[in-house]
$ cat query.pdb   # PDB, N, CA and C atoms
ATOM      1  N   MET A   1     116.868  40.850   2.673
ATOM      2  CA  MET A   1     116.019  41.454   1.687
ATOM      3  C   MET A   1     114.559  41.166   2.029
ATOM      4  N   GLN A   2     113.748  42.198   2.048
ATOM      5  CA  GLN A   2     112.331  42.036   2.357
ATOM      6  C   GLN A   2     111.557  41.643   1.108
ATOM      7  N   ARG A   3     110.551  40.834   1.336
ATOM      8  CA  ARG A   3     109.667  40.460   0.235
ATOM      9  C   ARG A   3     108.594  41.525   0.069
ATOM     10  N   ALA A   4     108.268  41.770  -1.158
ATOM     11  CA  ALA A   4     107.166  42.700  -1.418
ATOM     12  C   ALA A   4     105.856  41.997  -1.101
ATOM     13  N   GLU A   5     104.926  42.740  -0.569
ATOM     14  CA  GLU A   5     103.619  42.160  -0.285
ATOM     15  C   GLU A   5     102.880  41.921  -1.591
ATOM     16  N   VAL A   6     102.278  40.764  -1.661
ATOM     17  CA  VAL A   6     101.530  40.392  -2.859
ATOM     18  C   VAL A   6     100.060  40.712  -2.617
ATOM     19  N   PRO A   7      99.440  41.487  -3.494
ATOM     20  CA  PRO A   7      98.053  41.878  -3.279
ATOM     21  C   PRO A   7      97.046  40.811  -3.680
ATOM     22  N   ALA A   8      97.452  39.517  -3.697
ATOM     23  CA  ALA A   8      96.550  38.459  -4.149
ATOM     24  C   ALA A   8      95.331  38.326  -3.247
ATOM     25  N   ALA A   9      95.516  38.368  -1.945
ATOM     26  CA  ALA A   9      94.383  38.197  -1.044
ATOM     27  C   ALA A   9      93.339  39.294  -1.213
ATOM     28  N   PRO A  10      93.728  40.583  -1.236
ATOM     29  CA  PRO A  10      92.709  41.608  -1.442
ATOM     30  C   PRO A  10      92.013  41.478  -2.794
ATOM     31  N   LEU A  11      92.766  41.099  -3.836
ATOM     32  CA  LEU A  11      92.142  40.913  -5.144
ATOM     33  C   LEU A  11      91.176  39.745  -5.105
ATOM     34  N   ALA A  12      91.568  38.676  -4.424
ATOM     35  CA  ALA A  12      90.687  37.524  -4.313
ATOM     36  C   ALA A  12      89.420  37.908  -3.562
ATOM     37  N   ALA A  13      89.574  38.671  -2.493
ATOM     38  CA  ALA A  13      88.409  39.113  -1.734
ATOM     39  C   ALA A  13      87.519  40.006  -2.584
ATOM     40  N   ALA A  14      88.128  40.851  -3.393
ATOM     41  CA  ALA A  14      87.348  41.720  -4.274
ATOM     42  C   ALA A  14      86.581  40.894  -5.294
ATOM     43  N   ALA A  15      87.205  39.847  -5.824
ATOM     44  CA  ALA A  15      86.525  38.984  -6.794
ATOM     45  C   ALA A  15      85.366  38.247  -6.146
ATOM     46  N   VAL A  16      85.554  37.789  -4.912
ATOM     47  CA  VAL A  16      84.480  37.109  -4.187
ATOM     48  C   VAL A  16      83.319  38.067  -3.977
ATOM     49  N   ASP A  17      83.626  39.291  -3.571
ATOM     50  CA  ASP A  17      82.578  40.292  -3.372
ATOM     51  C   ASP A  17      81.866  40.608  -4.677
ATOM     52  N   GLU A  18      82.630  40.704  -5.761
ATOM     53  CA  GLU A  18      82.021  40.989  -7.060
ATOM     54  C   GLU A  18      81.126  39.833  -7.502
ATOM     55  N   ASP A  19      81.569  38.602  -7.263
ATOM     56  CA  ASP A  19      80.734  37.440  -7.593
ATOM     57  C   ASP A  19      79.427  37.482  -6.816
ATOM     58  N   ARG A  20      79.507  37.788  -5.527
ATOM     59  CA  ARG A  20      78.290  37.852  -4.706
ATOM     60  C   ARG A  20      77.341  38.929  -5.217
ATOM     61  N   GLU A  21      77.903  40.056  -5.607
ATOM     62  CA  GLU A  21      77.089  41.146  -6.158
ATOM     63  C   GLU A  21      76.417  40.700  -7.455
ATOM     64  N   LEU A  22      77.168  40.037  -8.319
ATOM     65  CA  LEU A  22      76.600  39.547  -9.577
ATOM     66  C   LEU A  22      75.511  38.509  -9.325
ATOM     67  N   VAL A  23      75.709  37.644  -8.349
ATOM     68  CA  VAL A  23      74.689  36.646  -8.006
ATOM     69  C   VAL A  23      73.420  37.345  -7.537
ATOM     70  N   GLU A  24      73.559  38.329  -6.671
ATOM     71  CA  GLU A  24      72.379  39.059  -6.185
ATOM     72  C   GLU A  24      71.652  39.749  -7.335
ATOM     73  N   GLN A  25      72.397  40.340  -8.249
ATOM     74  CA  GLN A  25      71.782  40.990  -9.404
ATOM     75  C   GLN A  25      71.080  39.962 -10.285
ATOM     76  N   ALA A  26      71.701  38.811 -10.474
ATOM     77  CA  ALA A  26      71.084  37.754 -11.286
ATOM     78  C   ALA A  26      69.816  37.239 -10.622
ATOM     79  N   ARG A  27      69.837  37.093  -9.307
ATOM     80  CA  ARG A  27      68.633  36.673  -8.580
ATOM     81  C   ARG A  27      67.498  37.671  -8.762
ATOM     82  N   ALA A  28      67.866  38.934  -8.896
ATOM     83  CA  ALA A  28      66.864  39.991  -9.070
ATOM     84  C   ALA A  28      66.393  40.093 -10.521
ATOM     85  N   GLY A  29      66.904  39.215 -11.390
ATOM     86  CA  GLY A  29      66.429  39.190 -12.764
ATOM     87  C   GLY A  29      67.346  39.817 -13.791
ATOM     88  N   ASP A  30      68.539  40.216 -13.386
ATOM     89  CA  ASP A  30      69.488  40.834 -14.312
ATOM     90  C   ASP A  30      70.248  39.737 -15.065
ATOM     91  N   ALA A  31      69.810  39.461 -16.300
ATOM     92  CA  ALA A  31      70.443  38.412 -17.106
ATOM     93  C   ALA A  31      71.896  38.751 -17.418
ATOM     94  N   GLY A  32      72.202  40.018 -17.547
ATOM     95  CA  GLY A  32      73.572  40.438 -17.828
ATOM     96  C   GLY A  32      74.528  40.078 -16.705
ATOM     97  N   ALA A  33      74.037  40.088 -15.480
ATOM     98  CA  ALA A  33      74.883  39.735 -14.339
ATOM     99  C   ALA A  33      75.261  38.257 -14.396
ATOM    100  N   PHE A  34      74.286  37.406 -14.714
ATOM    101  CA  PHE A  34      74.615  35.985 -14.819
ATOM    102  C   PHE A  34      75.517  35.737 -16.017
ATOM    103  N   GLU A  35      75.284  36.456 -17.091
ATOM    104  CA  GLU A  35      76.144  36.339 -18.271
ATOM    105  C   GLU A  35      77.594  36.687 -17.918
ATOM    106  N   ALA A  36      77.774  37.683 -17.062
ATOM    107  CA  ALA A  36      79.125  38.057 -16.627
ATOM    108  C   ALA A  36      79.776  36.917 -15.844
ATOM    109  N   LEU A  37      78.998  36.231 -15.015
ATOM    110  CA  LEU A  37      79.530  35.082 -14.280
ATOM    111  C   LEU A  37      79.906  33.951 -15.241
ATOM    112  N   VAL A  38      79.073  33.737 -16.243
ATOM    113  CA  VAL A  38      79.375  32.697 -17.236
ATOM    114  C   VAL A  38      80.676  33.027 -17.961
ATOM    115  N   ARG A  39      80.800  34.264 -18.411
ATOM    116  CA  ARG A  39      82.030  34.667 -19.115
ATOM    117  C   ARG A  39      83.256  34.486 -18.223
ATOM    118  N   ARG A  40      83.107  34.808 -16.957
ATOM    119  CA  ARG A  40      84.231  34.732 -16.026
ATOM    120  C   ARG A  40      84.680  33.290 -15.789
ATOM    121  N   TYR A  41      83.726  32.355 -15.726
ATOM    122  CA  TYR A  41      84.046  30.991 -15.304
ATOM    123  C   TYR A  41      83.841  29.919 -16.370
ATOM    124  N   GLN A  42      83.457  30.286 -17.589
ATOM    125  CA  GLN A  42      83.187  29.252 -18.591
ATOM    126  C   GLN A  42      84.437  28.445 -18.946
ATOM    127  N   GLY A  43      85.573  29.081 -19.021
ATOM    128  CA  GLY A  43      86.802  28.350 -19.327
ATOM    129  C   GLY A  43      87.165  27.373 -18.223
ATOM    130  N   TRP A  44      86.999  27.804 -17.009
ATOM    131  CA  TRP A  44      87.302  26.981 -15.839
ATOM    132  C   TRP A  44      86.378  25.765 -15.788
ATOM    133  N   VAL A  45      85.070  25.987 -16.001
ATOM    134  CA  VAL A  45      84.104  24.886 -15.974
ATOM    135  C   VAL A  45      84.361  23.934 -17.145
ATOM    136  N   PHE A  46      84.628  24.490 -18.320
ATOM    137  CA  PHE A  46      84.911  23.642 -19.481
ATOM    138  C   PHE A  46      86.145  22.774 -19.235
ATOM    139  N   THR A  47      87.199  23.350 -18.683
ATOM    140  CA  THR A  47      88.426  22.597 -18.416
ATOM    141  C   THR A  47      88.162  21.463 -17.432
ATOM    142  N   LEU A  48      87.398  21.744 -16.388
ATOM    143  CA  LEU A  48      87.037  20.703 -15.424
ATOM    144  C   LEU A  48      86.252  19.598 -16.124
ATOM    145  N   ALA A  49      85.262  19.983 -16.922
ATOM    146  CA  ALA A  49      84.443  18.992 -17.629
ATOM    147  C   ALA A  49      85.294  18.166 -18.591
ATOM    148  N   LEU A  50      86.184  18.810 -19.308
ATOM    149  CA  LEU A  50      87.041  18.095 -20.259
ATOM    150  C   LEU A  50      87.933  17.089 -19.543
ATOM    151  N   ARG A  51      88.486  17.482 -18.431
ATOM    152  CA  ARG A  51      89.335  16.561 -17.660
ATOM    153  C   ARG A  51      88.539  15.375 -17.145
ATOM    154  N   MET A  52      87.288  15.626 -16.790
ATOM    155  CA  MET A  52      86.487  14.550 -16.209
ATOM    156  C   MET A  52      85.852  13.648 -17.266
ATOM    157  N   VAL A  53      85.341  14.216 -18.352
ATOM    158  CA  VAL A  53      84.647  13.384 -19.343
ATOM    159  C   VAL A  53      85.554  12.954 -20.486
ATOM    160  N   GLY A  54      86.656  13.670 -20.701
ATOM    161  CA  GLY A  54      87.647  13.254 -21.671
ATOM    162  C   GLY A  54      87.305  13.461 -23.135
ATOM    163  N   ASN A  55      86.237  14.164 -23.415
ATOM    164  CA  ASN A  55      85.815  14.379 -24.797
ATOM    165  C   ASN A  55      85.384  15.831 -24.947
ATOM    166  N   ARG A  56      85.963  16.523 -25.911
ATOM    167  CA  ARG A  56      85.723  17.960 -26.069
ATOM    168  C   ARG A  56      84.245  18.287 -26.321
ATOM    169  N   ALA A  57      83.610  17.569 -27.227
ATOM    170  CA  ALA A  57      82.206  17.847 -27.552
ATOM    171  C   ALA A  57      81.310  17.610 -26.340
ATOM    172  N   GLU A  58      81.549  16.512 -25.637
ATOM    173  CA  GLU A  58      80.763  16.230 -24.435
ATOM    174  C   GLU A  58      81.042  17.272 -23.361
ATOM    175  N   ALA A  59      82.282  17.684 -23.229
ATOM    176  CA  ALA A  59      82.640  18.686 -22.223
ATOM    177  C   ALA A  59      81.936  20.009 -22.498
ATOM    178  N   GLU A  60      81.823  20.383 -23.764
ATOM    179  CA  GLU A  60      81.102  21.613 -24.111
ATOM    180  C   GLU A  60      79.642  21.511 -23.698
ATOM    181  N   ASP A  61      79.013  20.355 -23.979
ATOM    182  CA  ASP A  61      77.616  20.155 -23.589
ATOM    183  C   ASP A  61      77.466  20.171 -22.073
ATOM    184  N   VAL A  62      78.353  19.460 -21.400
ATOM    185  CA  VAL A  62      78.303  19.385 -19.940
ATOM    186  C   VAL A  62      78.478  20.773 -19.328
ATOM    187  N   ALA A  63      79.423  21.549 -19.830
ATOM    188  CA  ALA A  63      79.656  22.893 -19.291
ATOM    189  C   ALA A  63      78.410  23.761 -19.455
ATOM    190  N   GLN A  64      77.766  23.668 -20.607
ATOM    191  CA  GLN A  64      76.545  24.441 -20.833
ATOM    192  C   GLN A  64      75.453  24.007 -19.853
ATOM    193  N   GLU A  65      75.326  22.708 -19.640
ATOM    194  CA  GLU A  65      74.330  22.189 -18.702
ATOM    195  C   GLU A  65      74.630  22.633 -17.273
ATOM    196  N   VAL A  66      75.901  22.718 -16.921
ATOM    197  CA  VAL A  66      76.293  23.169 -15.581
ATOM    198  C   VAL A  66      75.800  24.589 -15.341
ATOM    199  N   PHE A  67      75.998  25.470 -16.315
ATOM    200  CA  PHE A  67      75.551  26.848 -16.129
ATOM    201  C   PHE A  67      74.030  26.948 -16.104
ATOM    202  N   LEU A  68      73.353  26.083 -16.832
ATOM    203  CA  LEU A  68      71.893  26.058 -16.771
ATOM    204  C   LEU A  68      71.441  25.634 -15.377
ATOM    205  N   LYS A  69      72.083  24.600 -14.831
ATOM    206  CA  LYS A  69      71.762  24.167 -13.466
ATOM    207  C   LYS A  69      72.050  25.278 -12.458
ATOM    208  N   ALA A  70      73.181  25.943 -12.638
ATOM    209  CA  ALA A  70      73.540  27.024 -11.717
ATOM    210  C   ALA A  70      72.509  28.144 -11.783
ATOM    211  N   TYR A  71      72.095  28.501 -12.982
ATOM    212  CA  TYR A  71      71.103  29.576 -13.135
ATOM    213  C   TYR A  71      69.797  29.199 -12.450
ATOM    214  N   ARG A  72      69.364  27.978 -12.679
ATOM    215  CA  ARG A  72      68.110  27.516 -12.069
ATOM    216  C   ARG A  72      68.222  27.390 -10.554
ATOM    217  N   GLY A  73      69.431  27.180 -10.059
ATOM    218  CA  GLY A  73      69.621  26.989  -8.629
ATOM    219  C   GLY A  73      70.122  28.205  -7.875
ATOM    220  N   LEU A  74      70.119  29.368  -8.517
ATOM    221  CA  LEU A  74      70.645  30.574  -7.854
ATOM    222  C   LEU A  74      69.992  30.856  -6.513
ATOM    223  N   ALA A  75      68.708  30.553  -6.397
ATOM    224  CA  ALA A  75      68.013  30.813  -5.134
ATOM    225  C   ALA A  75      68.613  29.991  -3.995
ATOM    226  N   GLY A  76      69.216  28.852  -4.323
ATOM    227  CA  GLY A  76      69.804  27.996  -3.301
ATOM    228  C   GLY A  76      71.241  28.331  -2.942
ATOM    229  N   PHE A  77      71.841  29.273  -3.664
ATOM    230  CA  PHE A  77      73.218  29.656  -3.356
ATOM    231  C   PHE A  77      73.257  30.397  -2.030
ATOM    232  N   LYS A  78      74.128  29.939  -1.146
ATOM    233  CA  LYS A  78      74.286  30.586   0.160
ATOM    234  C   LYS A  78      75.529  31.467   0.100
ATOM    235  N   ALA A  79      75.327  32.738   0.308
ATOM    236  CA  ALA A  79      76.410  33.716   0.171
ATOM    237  C   ALA A  79      77.516  33.528   1.208
ATOM    238  N   ALA A  80      77.318  32.635   2.169
ATOM    239  CA  ALA A  80      78.371  32.373   3.149
ATOM    240  C   ALA A  80      79.543  31.640   2.502
ATOM    241  N   SER A  81      79.289  30.984   1.378
ATOM    242  CA  SER A  81      80.374  30.306   0.663
ATOM    243  C   SER A  81      80.700  31.068  -0.614
ATOM    244  N   ARG A  82      81.806  30.710  -1.228
ATOM    245  CA  ARG A  82      82.192  31.362  -2.483
ATOM    246  C   ARG A  82      81.353  30.809  -3.629
ATOM    247  N   PHE A  83      81.075  31.650  -4.590
ATOM    248  CA  PHE A  83      80.355  31.220  -5.781
ATOM    249  C   PHE A  83      81.123  30.102  -6.478
ATOM    250  N   THR A  84      82.440  30.217  -6.521
ATOM    251  CA  THR A  84      83.244  29.208  -7.206
ATOM    252  C   THR A  84      83.166  27.845  -6.518
ATOM    253  N   THR A  85      83.046  27.822  -5.209
ATOM    254  CA  THR A  85      82.894  26.563  -4.481
ATOM    255  C   THR A  85      81.581  25.902  -4.867
ATOM    256  N   TRP A  86      80.529  26.697  -4.890
ATOM    257  CA  TRP A  86      79.197  26.217  -5.254
ATOM    258  C   TRP A  86      79.185  25.742  -6.706
ATOM    259  N   LEU A  87      79.770  26.514  -7.601
ATOM    260  CA  LEU A  87      79.809  26.164  -9.017
ATOM    261  C   LEU A  87      80.638  24.897  -9.235
ATOM    262  N   TYR A  88      81.737  24.748  -8.515
ATOM    263  CA  TYR A  88      82.560  23.542  -8.622
ATOM    264  C   TYR A  88      81.759  22.311  -8.209
ATOM    265  N   ALA A  89      80.991  22.425  -7.135
ATOM    266  CA  ALA A  89      80.178  21.291  -6.683
ATOM    267  C   ALA A  89      79.164  20.901  -7.755
ATOM    268  N   ILE A  90      78.508  21.886  -8.337
ATOM    269  CA  ILE A  90      77.541  21.603  -9.402
ATOM    270  C   ILE A  90      78.246  20.933 -10.574
ATOM    271  N   ALA A  91      79.376  21.487 -10.987
ATOM    272  CA  ALA A  91      80.094  20.976 -12.156
ATOM    273  C   ALA A  91      80.613  19.558 -11.929
ATOM    274  N   SER A  92      81.241  19.327 -10.805
ATOM    275  CA  SER A  92      81.815  17.999 -10.569
ATOM    276  C   SER A  92      80.725  16.943 -10.444
ATOM    277  N   HIS A  93      79.629  17.257  -9.752
ATOM    278  CA  HIS A  93      78.527  16.297  -9.638
ATOM    279  C   HIS A  93      77.876  16.037 -10.989
ATOM    280  N   HIS A  94      77.719  17.082 -11.776
ATOM    281  CA  HIS A  94      77.105  16.903 -13.088
ATOM    282  C   HIS A  94      78.005  16.050 -13.988
ATOM    283  N   CYS A  95      79.297  16.257 -13.926
ATOM    284  CA  CYS A  95      80.230  15.433 -14.709
ATOM    285  C   CYS A  95      80.147  13.969 -14.284
ATOM    286  N   LEU A  96      80.112  13.729 -12.990
ATOM    287  CA  LEU A  96      80.011  12.350 -12.502
ATOM    288  C   LEU A  96      78.710  11.707 -12.959
ATOM    289  N   ASN A  97      77.610  12.449 -12.883
ATOM    290  CA  ASN A  97      76.325  11.927 -13.351
ATOM    291  C   ASN A  97      76.375  11.626 -14.845
ATOM    292  N   HIS A  98      77.020  12.494 -15.595
ATOM    293  CA  HIS A  98      77.163  12.290 -17.037
ATOM    294  C   HIS A  98      77.946  11.006 -17.320
ATOM    295  N   LEU A  99      79.024  10.792 -16.583
ATOM    296  CA  LEU A  99      79.834   9.593 -16.779
ATOM    297  C   LEU A  99      79.061   8.327 -16.414
ATOM    298  N   GLN A 100      78.265   8.386 -15.365
ATOM    299  CA  GLN A 100      77.477   7.222 -14.954
ATOM    300  C   GLN A 100      76.395   6.892 -15.976
ATOM    301  N   ALA A 101      75.896   7.909 -16.666
ATOM    302  CA  ALA A 101      74.824   7.709 -17.644
ATOM    303  C   ALA A 101      75.332   7.174 -18.981
ATOM    304  N   ARG A 102      76.629   7.164 -19.192
ATOM    305  CA  ARG A 102      77.196   6.675 -20.472
ATOM    306  C   ARG A 102      76.840   5.237 -20.728
TER     307      ARG A 102
END
$ encode --input "query.pdb" --output "structure tokens"
Amino acid sequence: MQRAEVPAAPLAAAAVDEDRELVEQARAGDAGAFEALVRRYQGWVFTLALRMVGNRAEAEDVAQEVFLKAYRGLAGFKAASRFTTWLYAIASHHCLNHLQAR
């Protein structure tokens, strides 16, 4: 029996391309483009923050701060990597800094 091909890779590539397009639009001043990125990844960032800081209220604050850092750092995003890789680095470092500051 043959396995059906799973279209996960093309969909993933399409999402990466869409993220890059949204980043470019946000860099050009389109606030709606960055808002779309926030909507797409806010749950993911919040979950990471909650797992790392262990407190829902703090995780909400940390997640909001992560997106603020990402917005301010858009010029430094290198399109050779995935937006999610870059966002994960910002989020994990910010969570660690938050924990050290406690």
$ closest_residue --input "query.pdb" --among "A:Ala57, A:Ala70, A:Leu22, A:Leu87" --to "Trp44 in chain A" --atoms "only C-alpha atoms"
A:Leu87
$ residues_around --input "query.pdb" --residues "Val45 in chain A" --least-positions-apart "6" --cutoff "10 Å" --atoms "only C-alpha atoms" --output "CSV table (one decimal) with N, CA and C atoms, in the frame of the given file"
chain,number,residue,atom,x,y,z
A,38,VAL,N,79.1,33.7,-16.2
A,38,VAL,CA,79.4,32.7,-17.2
A,38,VAL,C,80.7,33.0,-18.0
A,51,ARG,N,88.5,17.5,-18.4
A,51,ARG,CA,89.3,16.6,-17.7
A,51,ARG,C,88.5,15.4,-17.1
A,59,ALA,N,82.3,17.7,-23.2
A,59,ALA,CA,82.6,18.7,-22.2
A,59,ALA,C,81.9,20.0,-22.5
A,60,GLU,N,81.8,20.4,-23.8
A,60,GLU,CA,81.1,21.6,-24.1
A,60,GLU,C,79.6,21.5,-23.7
A,62,VAL,N,78.4,19.5,-21.4
A,62,VAL,CA,78.3,19.4,-19.9
A,62,VAL,C,78.5,20.8,-19.3
A,63,ALA,N,79.4,21.5,-19.8
A,63,ALA,CA,79.7,22.9,-19.3
A,63,ALA,C,78.4,23.8,-19.5
A,64,GLN,N,77.8,23.7,-20.6
A,64,GLN,CA,76.5,24.4,-20.8
A,64,GLN,C,75.5,24.0,-19.9
A,66,VAL,N,75.9,22.7,-16.9
A,66,VAL,CA,76.3,23.2,-15.6
A,66,VAL,C,75.8,24.6,-15.3
A,67,PHE,N,76.0,25.5,-16.3
A,67,PHE,CA,75.6,26.8,-16.1
A,67,PHE,C,74.0,26.9,-16.1
A,84,THR,N,82.4,30.2,-6.5
A,84,THR,CA,83.2,29.2,-7.2
A,84,THR,C,83.2,27.8,-6.5
A,87,LEU,N,79.8,26.5,-7.6
A,87,LEU,CA,79.8,26.2,-9.0
A,87,LEU,C,80.6,24.9,-9.2
A,88,TYR,N,81.7,24.7,-8.5
A,88,TYR,CA,82.6,23.5,-8.6
A,88,TYR,C,81.8,22.3,-8.2
A,90,ILE,N,78.5,21.9,-8.3
A,90,ILE,CA,77.5,21.6,-9.4
A,90,ILE,C,78.2,20.9,-10.6
A,91,ALA,N,79.4,21.5,-11.0
A,91,ALA,CA,80.1,21.0,-12.2
A,91,ALA,C,80.6,19.6,-11.9
A,92,SER,N,81.2,19.3,-10.8
A,92,SER,CA,81.8,18.0,-10.6
A,92,SER,C,80.7,16.9,-10.4
$ atom_distance --input "query.pdb" --atom1 "CA of Arg20 in chain A" --atom2 "atom C of Ser81 in chain A"
8.3 Å
$ atom_distance --input "query.pdb" --atom1 "atom C of Asp61 in chain A" --atom2 "CA of Ala49 in chain A"
8.4 Å
$ atom_distance --input "query.pdb" --atom1 "CA of Glu35 in chain A" --atom2 "CA of Ala15 in chain A"
15.7 Å
$ resolve_selection --input "query.pdb" --expression "the PyMOL selection byres (((chain A and resi 71-73 and name CA) around 12) and name CA)" --output "PyMOL selection string"
chain A and resi 22-24+26-31+33-35+37-38+64-70+74-78+83+86-87+90
$ select_by_dssp --input "query.pdb" --residues "range 5-87 of chain A" --states "alpha helix (DSSP H)" --output "PyMOL selection string"
chain A and resi 8-27+31-53+56-72+83-87
